[in-house]
Amino acid sequence: MNDVDGNRRSMWKRAWAWFDDLTGTSSWLVPLLRHPVPNAKKSAWFYVLGSATLFVFILQIVTGVALSSSYIASSGEAYHTLLFISGTTLGRIVRGMHYFGASAMIILIGLHAVRVYLMGSYKYPRQVNWITGAVLLLLTLLMAFTGQLLRWDQTGFWTAVVAAEQAGRTPLIGNWLGHFILAGDTVGGATLSRFFAAHVFFIPALIFAFLGFHLYLVIHNGISEPPQAGRPVQPKTYRRWYADLLAREGRPFWPDAAWRDVVFGFLVVVTIVVLAVVIGPEPLGKPPDPTIIGASPKPDWFLLWYYALLTVAPHWSENSLILLGPLIFGVLLIFLPFIASKGERSPLRRPWSILIVGTIVVIIAYYGNLGRLAPWSPRLEAEPLPATVVGEPSGPVSEGAKVFYEKGCEYCHTIAGYGGIRGPDLTYVADRMNAQQIKTRIFSGAQNMPSYNGNITDAQMSSLLAFLESRQRRSIAEGKKP
Amino acid sequence: MLENPQSECEASELNRRSFLSRLSILLSSIGAAIVAIPSVGFLLGLRRPTEVWRGVGQVNDFQIGPTSQVSFQDPSPLPWSGVTAQTSAWLRRVADQEFVAFSVDCTHLGCPIRWLPAANLFMCPCHGGVYYSDGTVASGPPPRPLFQYPVRVQNGEVQILTSPVPIA
């Protein structure tokens, strides 16, 4: 080491000593970093999910601040500013990072909650850790929802309307609440500003408050030790037992435990950046112009399961599900530690916990996929059936195929893979229904099918029946095709 | 002569501290209230512009029978509303001087419904709600008929009365 290096190092040391003397930083930072944590051994990598969520939250703040420097939270301008941002190389990457960061944050906080639940880490003395974490999970979902809306394309615009309509189901204050969400009587200049304020100020302020409290509690109560079957939590003796455990085999948080957090967090951040560069952000839809009647709003992937659940639920239960579903979910989540605050922590002794998590995962996966397919949505973009499917170039069958399309039947019914899947597949309808039965159904309708009584001429009905009667395996197999 | 001057002095000090504590809490509460009341009031207050009649075209622009999409401006659009200041409706001329106008919002969850002219039906792309041409529910989840705007003809112009987004 030469004299120049030595002087430089000495200068930094003196500068740090001066700063530390005035601020007392090392008096709290060093104990914080060196505080002992249990030796998690084989389970150590399960403990990186919370810190990774925090890293991604910081990524969201950085990218969000960067985006806000060009995003104008105005109903008339937001879409154009997003086009501008997406049109620049770095803007596209930053938008992509924010988009994938949101997804990563939801996945990580969800996995963190599952880890804490399965390992019973929410039990004494960490009940309030869980409660603050549950609130943070709900706030993260709110951030994701409001963020989706800030894309402010046609889907964003109509999502605001759908959100207001759902809130409108609330007894007594529904109308006021719905219009409060819209910030007025209609979707207009103030609507987007309201969601922007929620996304950028209100919800993040709550997240900061709960996150600070959550982290304080992590230090105050200590990181939970890995559970062991046959070693239940005893509130009366736990704190003394935990202190003895740390004295016996505790490791300093920095660097013995923190290195895993850093390595995993780094991999998560790199993955987000790579996805942002390679795939880019969610493409923008059409402008938020209410005069373009072509939108079919759908939530992003993380709420697709809820969207599907609401849709497949019986109509009579819809209001209850919209209002009570999230309420019950939130209450159960928050009050979990009051239901089981002591006893066994190991999932091996709590098989129902594995069953509950498995059920939730299956529900989210199944209904999420169902929401993606949206079989209940008519396919209004369907084209007329091709001649190869119709089978006759002219005559009643061909005319009937036209009627089938014009009357909107094809939007809901599939024939040979064409059309919607809301109603029954009619590819071989004549194999299971005769002409009279088909005619009756067309005239009478059903719960999810309009009655065409008075809405179809005799000639149209005759052609339509001819077409539908030709939909049978035998005649199609015999090659009644052009 | 005082029996226990130290004790009285401590009592007096406690009273003083108690008073100062209460004073501080009171002033903090008043300070917070005078900031919060107008802020929360502004946040919660809804902008409720007066309903106005908006022209959507001349009577002769519309044939009797067909249903067409018309658009008109909100009653009091904000300068930065841009395209969102517009609202759409489905308008049909049913007689020489008589029109009906339906909201484009599905009564189920507010998605924009479309008119299928050949089928003579309104259809919602979200959950498949279907309405007959008179706005009554034909099938699917909508709980109510389509909302109808008041329409009038004034000096040969068809006018629609602006209305809030219909929320249950």
# chains A, B, ... in the order shown; residues from 1 in each chain; ligands from 1
$ residues_around --residues "Phe72 (chain B)" --least-positions-apart "5" --cutoff "10 Å" --atoms "only C-alpha atoms" --output "PDB file with C-alpha atoms, in the first residue's frame"
ATOM      1  CA  THR A 291     -66.895   6.129 -27.800  1.00  0.00           C
TER       2      THR A 291
ATOM      3  CA  TRP B  53     -79.191  18.428 -22.568  1.00  0.00           C
ATOM      4  CA  ARG B  54     -76.569  17.575 -25.175  1.00  0.00           C
ATOM      5  CA  GLY B  55     -77.280  17.524 -28.898  1.00  0.00           C
ATOM      6  CA  VAL B  56     -76.351  14.320 -30.710  1.00  0.00           C
ATOM      7  CA  GLY B  57     -77.556  15.187 -34.225  1.00  0.00           C
ATOM      8  CA  ALA B  85     -65.091  13.747 -21.461  1.00  0.00           C
ATOM      9  CA  GLN B  86     -67.183  11.868 -24.000  1.00  0.00           C
ATOM     10  CA  THR B  87     -69.979   9.448 -23.241  1.00  0.00           C
ATOM     11  CA  SER B  88     -71.643   7.017 -25.592  1.00  0.00           C
ATOM     12  CA  ALA B  89     -75.221   5.859 -25.899  1.00  0.00           C
ATOM     13  CA  GLN B 159     -80.893  15.939 -27.373  1.00  0.00           C
ATOM     14  CA  ILE B 160     -79.928  13.540 -24.581  1.00  0.00           C
ATOM     15  CA  LEU B 161     -80.026  14.486 -20.921  1.00  0.00           C
ATOM     16  CA  THR B 162     -76.639  13.750 -19.394  1.00  0.00           C
TER      17      THR B 162
END
$ residues_around --residues "region 131-146 of chain B" --least-positions-apart "4" --cutoff "6 Å" --atoms "only C-alpha atoms" --output "short mmCIF file (atom, residue, chain, number, x, y, z; two decimals) with C-alpha atoms, in the first residue's frame"
data_model
loop_
_atom_site.label_atom_id
_atom_site.label_comp_id
_atom_site.auth_asym_id
_atom_site.auth_seq_id
_atom_site.Cartn_x
_atom_site.Cartn_y
_atom_site.Cartn_z
CA GLN A 447 -80.96 -18.78 -18.51
CA ASN A 448 -77.93 -17.88 -20.58
CA MET A 449 -79.58 -17.81 -23.99
CA PRO A 450 -82.03 -15.20 -25.25
CA THR B 107 -76.25 -3.33 -15.62
CA HIS B 108 -74.26 -6.33 -14.42
CA ASN B 120 -81.73 -7.30 -32.77
CA LEU B 121 -80.03 -7.74 -29.42
CA PHE B 122 -77.58 -5.94 -27.15
#
$ atom_distance --atom1 "CA of Ala32 (chain B)" --atom2 "CA of Phe201 (chain A)"
18.9 Å
$ interface_residues --of "chain A" --to "chain B" --cutoff "7 Å" --atoms "only C-alpha atoms" --output "VMD selection string"
chain A and resid 74 to 76 158 161 to 162 165 to 166 168 to 169 175 178 180 183 to 189 288 to 291 293 295 to 296 315 376 to 378 380 406 to 408 447 to 451
$ closest_atom_pairs --of "region 215-261 of chain A" --to "region 129-140 of chain A" --cutoff "9 Å" --atoms "only C-alpha atoms" --output "tab-separated table"
residue	atom	partner	partner_atom	distance
A:Leu215	CA	A:Asn129	CA	8.3
A:Leu217	CA	A:Asn129	CA	6.0
A:Val218	CA	A:Asn129	CA	7.0
A:Asn221	CA	A:Asn129	CA	8.6
$ select_by_dssp --residues "region 251-454 of chain A" --states "strand (DSSP E or B)" --output "list of chain:residue names"
A:Arg251, A:Pro252, A:Gly343, A:Ile415, A:Tyr418, A:Ala446, A:Met449
$ residues_around --residues "Leu32 (chain A)" --least-positions-apart "3" --cutoff "10 Å" --atoms "only C-alpha atoms" --output "list in words"
Ser26, Ser27, Trp28, Leu29, His35, Pro36, Ile219, Pro252, Phe253 and Trp254 of chain A
$ write_last_selection --atoms "all heavy atoms" --output "mmCIF file, in the first residue's frame"
data_model
loop_
_atom_site.group_PDB
_atom_site.id
_atom_site.type_symbol
_atom_site.label_atom_id
_atom_site.label_comp_id
_atom_site.auth_asym_id
_atom_site.auth_seq_id
_atom_site.Cartn_x
_atom_site.Cartn_y
_atom_site.Cartn_z
ATOM 1 N N SER A 26 -23.215 4.226 14.150
ATOM 2 C CA SER A 26 -22.711 2.870 14.422
ATOM 3 C C SER A 26 -23.283 2.297 15.714
ATOM 4 O O SER A 26 -23.320 1.082 15.886
ATOM 5 C CB SER A 26 -21.185 2.858 14.478
ATOM 6 O OG SER A 26 -20.737 3.702 15.527
ATOM 7 N N SER A 27 -23.747 3.193 16.604
ATOM 8 C CA SER A 27 -24.260 2.691 17.885
ATOM 9 C C SER A 27 -25.550 1.896 17.710
ATOM 10 O O SER A 27 -25.889 1.061 18.536
ATOM 11 C CB SER A 27 -24.492 3.854 18.850
ATOM 12 O OG SER A 27 -25.521 4.690 18.354
ATOM 13 N N TRP A 28 -26.293 2.144 16.622
ATOM 14 C CA TRP A 28 -27.493 1.332 16.393
ATOM 15 C C TRP A 28 -27.346 0.414 15.178
ATOM 16 O O TRP A 28 -27.918 -0.665 15.129
ATOM 17 C CB TRP A 28 -28.742 2.215 16.232
ATOM 18 C CG TRP A 28 -28.679 3.192 15.086
ATOM 19 C CD1 TRP A 28 -28.279 4.487 15.142
ATOM 20 C CD2 TRP A 28 -29.018 2.941 13.703
ATOM 21 N NE1 TRP A 28 -28.336 5.074 13.901
ATOM 22 C CE2 TRP A 28 -28.797 4.146 12.990
ATOM 23 C CE3 TRP A 28 -29.470 1.832 13.001
ATOM 24 C CZ2 TRP A 28 -29.016 4.271 11.620
ATOM 25 C CZ3 TRP A 28 -29.701 1.954 11.629
ATOM 26 C CH2 TRP A 28 -29.478 3.161 10.966
ATOM 27 N N LEU A 29 -26.527 0.861 14.196
ATOM 28 C CA LEU A 29 -26.435 0.069 12.973
ATOM 29 C C LEU A 29 -25.652 -1.233 13.195
ATOM 30 O O LEU A 29 -26.067 -2.303 12.730
ATOM 31 C CB LEU A 29 -25.778 0.903 11.864
ATOM 32 C CG LEU A 29 -25.724 0.243 10.486
ATOM 33 C CD1 LEU A 29 -27.125 -0.076 9.978
ATOM 34 C CD2 LEU A 29 -24.997 1.146 9.478
ATOM 35 N N HIS A 35 -27.002 -8.563 15.058
ATOM 36 C CA HIS A 35 -27.887 -9.241 16.014
ATOM 37 C C HIS A 35 -27.967 -10.735 15.670
ATOM 38 O O HIS A 35 -27.985 -11.109 14.490
ATOM 39 C CB HIS A 35 -29.278 -8.590 16.044
ATOM 40 C CG HIS A 35 -30.167 -8.968 14.916
ATOM 41 N ND1 HIS A 35 -30.118 -8.364 13.691
ATOM 42 C CD2 HIS A 35 -31.137 -9.917 14.813
ATOM 43 C CE1 HIS A 35 -31.010 -8.900 12.900
ATOM 44 N NE2 HIS A 35 -31.652 -9.845 13.546
ATOM 45 N N PRO A 36 -28.017 -11.568 16.699
ATOM 46 C CA PRO A 36 -27.974 -13.008 16.435
ATOM 47 C C PRO A 36 -29.297 -13.536 15.890
ATOM 48 O O PRO A 36 -30.375 -13.071 16.284
ATOM 49 C CB PRO A 36 -27.673 -13.609 17.811
ATOM 50 C CG PRO A 36 -28.172 -12.602 18.784
ATOM 51 C CD PRO A 36 -28.055 -11.258 18.140
ATOM 52 N N ILE A 219 -37.053 -7.568 14.307
ATOM 53 C CA ILE A 219 -35.898 -7.392 15.196
ATOM 54 C C ILE A 219 -36.312 -7.635 16.652
ATOM 55 O O ILE A 219 -35.626 -8.334 17.405
ATOM 56 C CB ILE A 219 -35.330 -5.957 15.057
ATOM 57 C CG1 ILE A 219 -34.925 -5.681 13.609
ATOM 58 C CG2 ILE A 219 -34.144 -5.762 16.017
ATOM 59 C CD1 ILE A 219 -33.779 -6.519 13.113
ATOM 60 N N PRO A 252 -24.501 -14.231 13.759
ATOM 61 C CA PRO A 252 -24.776 -12.818 13.440
ATOM 62 C C PRO A 252 -25.530 -12.712 12.107
ATOM 63 O O PRO A 252 -25.180 -13.404 11.141
ATOM 64 C CB PRO A 252 -23.381 -12.194 13.350
ATOM 65 C CG PRO A 252 -22.452 -13.326 13.116
ATOM 66 C CD PRO A 252 -23.067 -14.526 13.759
ATOM 67 N N PHE A 253 -26.572 -11.853 12.109
ATOM 68 C CA PHE A 253 -27.371 -11.705 10.887
ATOM 69 C C PHE A 253 -26.483 -11.344 9.699
ATOM 70 O O PHE A 253 -26.629 -11.901 8.611
ATOM 71 C CB PHE A 253 -28.432 -10.623 11.116
ATOM 72 C CG PHE A 253 -29.176 -10.252 9.862
ATOM 73 C CD1 PHE A 253 -30.070 -11.129 9.283
ATOM 74 C CD2 PHE A 253 -28.964 -9.021 9.254
ATOM 75 C CE1 PHE A 253 -30.741 -10.796 8.116
ATOM 76 C CE2 PHE A 253 -29.631 -8.682 8.085
ATOM 77 C CZ PHE A 253 -30.521 -9.569 7.520
ATOM 78 N N TRP A 254 -25.584 -10.364 9.940
ATOM 79 C CA TRP A 254 -24.641 -9.984 8.885
ATOM 80 C C TRP A 254 -23.287 -10.538 9.211
ATOM 81 O O TRP A 254 -22.785 -10.285 10.289
ATOM 82 C CB TRP A 254 -24.583 -8.452 8.764
ATOM 83 C CG TRP A 254 -23.616 -8.012 7.713
ATOM 84 C CD1 TRP A 254 -22.278 -7.785 7.866
ATOM 85 C CD2 TRP A 254 -23.903 -7.780 6.331
ATOM 86 N NE1 TRP A 254 -21.708 -7.428 6.687
ATOM 87 C CE2 TRP A 254 -22.692 -7.408 5.705
ATOM 88 C CE3 TRP A 254 -25.062 -7.863 5.551
ATOM 89 C CZ2 TRP A 254 -22.600 -7.099 4.361
ATOM 90 C CZ3 TRP A 254 -24.971 -7.552 4.204
ATOM 91 C CH2 TRP A 254 -23.765 -7.179 3.626
#
$ residues_around --residues "Gly91 (chain A)" --least-positions-apart "4" --cutoff "12 Å" --atoms "only C-alpha atoms" --output "ChimeraX atom specification"
/A:63-64,66-71,81-87,95-98,276-277,280-281
$ atom_distance --atom1 "CA of Ile272 (chain A)" --atom2 "CA of Val62 (chain A)"
13.5 Å
$ atom_distance --atom1 "CA of Ile354 (chain A)" --atom2 "CA of Gly230 (chain A)"
17.3 Å
$ closest_residue --among "A:Arg473, A:Arg251, A:His179, A:Arg240" --to "Arg34 (chain A)" --atoms "only C-alpha atoms"
A:Arg251
$ closest_residue --among "A:Pro297, A:Gly454, A:Gly423, A:Gly395" --to "Ala163 (chain A)" --atoms "only C-alpha atoms"
A:Pro297
$ decode --residues "region 87-102 of chain B" --atoms "N, CA, C and O atoms" --output "PDB file, in the first residue's frame"
ATOM      1  N   THR B  87     -69.182  10.584 -23.689  1.00  0.00           N
ATOM      2  CA  THR B  87     -69.979   9.448 -23.241  1.00  0.00           C
ATOM      3  C   THR B  87     -70.711   8.899 -24.463  1.00  0.00           C
ATOM      4  O   THR B  87     -71.041   9.660 -25.366  1.00  0.00           O
ATOM      5  N   SER B  88     -70.927   7.623 -24.463  1.00  0.00           N
ATOM      6  CA  SER B  88     -71.643   7.017 -25.592  1.00  0.00           C
ATOM      7  C   SER B  88     -73.029   6.556 -25.173  1.00  0.00           C
ATOM      8  O   SER B  88     -73.285   6.328 -23.992  1.00  0.00           O
ATOM      9  N   ALA B  89     -73.886   6.420 -26.142  1.00  0.00           N
ATOM     10  CA  ALA B  89     -75.221   5.859 -25.899  1.00  0.00           C
ATOM     11  C   ALA B  89     -75.685   5.182 -27.185  1.00  0.00           C
ATOM     12  O   ALA B  89     -75.164   5.454 -28.270  1.00  0.00           O
ATOM     13  N   TRP B  90     -76.628   4.258 -27.034  1.00  0.00           N
ATOM     14  CA  TRP B  90     -77.261   3.636 -28.200  1.00  0.00           C
ATOM     15  C   TRP B  90     -78.599   4.341 -28.419  1.00  0.00           C
ATOM     16  O   TRP B  90     -79.452   4.346 -27.527  1.00  0.00           O
ATOM     17  N   LEU B  91     -78.752   4.940 -29.594  1.00  0.00           N
ATOM     18  CA  LEU B  91     -79.937   5.758 -29.876  1.00  0.00           C
ATOM     19  C   LEU B  91     -80.769   5.111 -30.984  1.00  0.00           C
ATOM     20  O   LEU B  91     -80.220   4.625 -31.977  1.00  0.00           O
ATOM     21  N   ARG B  92     -82.080   5.119 -30.803  1.00  0.00           N
ATOM     22  CA  ARG B  92     -82.975   4.572 -31.832  1.00  0.00           C
ATOM     23  C   ARG B  92     -84.141   5.536 -32.037  1.00  0.00           C
ATOM     24  O   ARG B  92     -84.744   6.013 -31.055  1.00  0.00           O
ATOM     25  N   ARG B  93     -84.425   5.814 -33.288  1.00  0.00           N
ATOM     26  CA  ARG B  93     -85.596   6.625 -33.599  1.00  0.00           C
ATOM     27  C   ARG B  93     -86.777   5.675 -33.746  1.00  0.00           C
ATOM     28  O   ARG B  93     -86.784   4.831 -34.641  1.00  0.00           O
ATOM     29  N   VAL B  94     -87.761   5.808 -32.874  1.00  0.00           N
ATOM     30  CA  VAL B  94     -88.882   4.864 -32.888  1.00  0.00           C
ATOM     31  C   VAL B  94     -90.119   5.443 -33.566  1.00  0.00           C
ATOM     32  O   VAL B  94     -91.039   4.716 -33.935  1.00  0.00           O
ATOM     33  N   ALA B  95     -90.169   6.753 -33.728  1.00  0.00           N
ATOM     34  CA  ALA B  95     -91.275   7.400 -34.433  1.00  0.00           C
ATOM     35  C   ALA B  95     -90.750   8.723 -34.981  1.00  0.00           C
ATOM     36  O   ALA B  95     -89.569   9.058 -34.803  1.00  0.00           O
ATOM     37  N   ASP B  96     -91.624   9.441 -35.607  1.00  0.00           N
ATOM     38  CA  ASP B  96     -91.175  10.666 -36.282  1.00  0.00           C
ATOM     39  C   ASP B  96     -90.411  11.591 -35.329  1.00  0.00           C
ATOM     40  O   ASP B  96     -89.337  12.100 -35.659  1.00  0.00           O
ATOM     41  N   GLN B  97     -90.971  11.816 -34.160  1.00  0.00           N
ATOM     42  CA  GLN B  97     -90.341  12.735 -33.200  1.00  0.00           C
ATOM     43  C   GLN B  97     -89.998  12.019 -31.885  1.00  0.00           C
ATOM     44  O   GLN B  97     -89.841  12.663 -30.857  1.00  0.00           O
ATOM     45  N   GLU B  98     -89.902  10.708 -31.961  1.00  0.00           N
ATOM     46  CA  GLU B  98     -89.684   9.956 -30.715  1.00  0.00           C
ATOM     47  C   GLU B  98     -88.412   9.096 -30.800  1.00  0.00           C
ATOM     48  O   GLU B  98     -88.213   8.373 -31.777  1.00  0.00           O
ATOM     49  N   PHE B  99     -87.596   9.213 -29.769  1.00  0.00           N
ATOM     50  CA  PHE B  99     -86.327   8.478 -29.715  1.00  0.00           C
ATOM     51  C   PHE B  99     -86.207   7.767 -28.373  1.00  0.00           C
ATOM     52  O   PHE B  99     -86.784   8.206 -27.375  1.00  0.00           O
ATOM     53  N   VAL B 100     -85.426   6.697 -28.369  1.00  0.00           N
ATOM     54  CA  VAL B 100     -85.015   6.100 -27.087  1.00  0.00           C
ATOM     55  C   VAL B 100     -83.491   6.001 -27.097  1.00  0.00           C
ATOM     56  O   VAL B 100     -82.884   5.784 -28.150  1.00  0.00           O
ATOM     57  N   ALA B 101     -82.898   6.208 -25.935  1.00  0.00           N
ATOM     58  CA  ALA B 101     -81.433   6.126 -25.828  1.00  0.00           C
ATOM     59  C   ALA B 101     -81.085   5.240 -24.647  1.00  0.00           C
ATOM     60  O   ALA B 101     -81.603   5.420 -23.542  1.00  0.00           O
ATOM     61  N   PHE B 102     -80.218   4.268 -24.898  1.00  0.00           N
ATOM     62  CA  PHE B 102     -79.793   3.338 -23.851  1.00  0.00           C
ATOM     63  C   PHE B 102     -78.342   3.608 -23.466  1.00  0.00           C
ATOM     64  O   PHE B 102     -77.506   3.924 -24.321  1.00  0.00           O
TER      65      PHE B 102
END
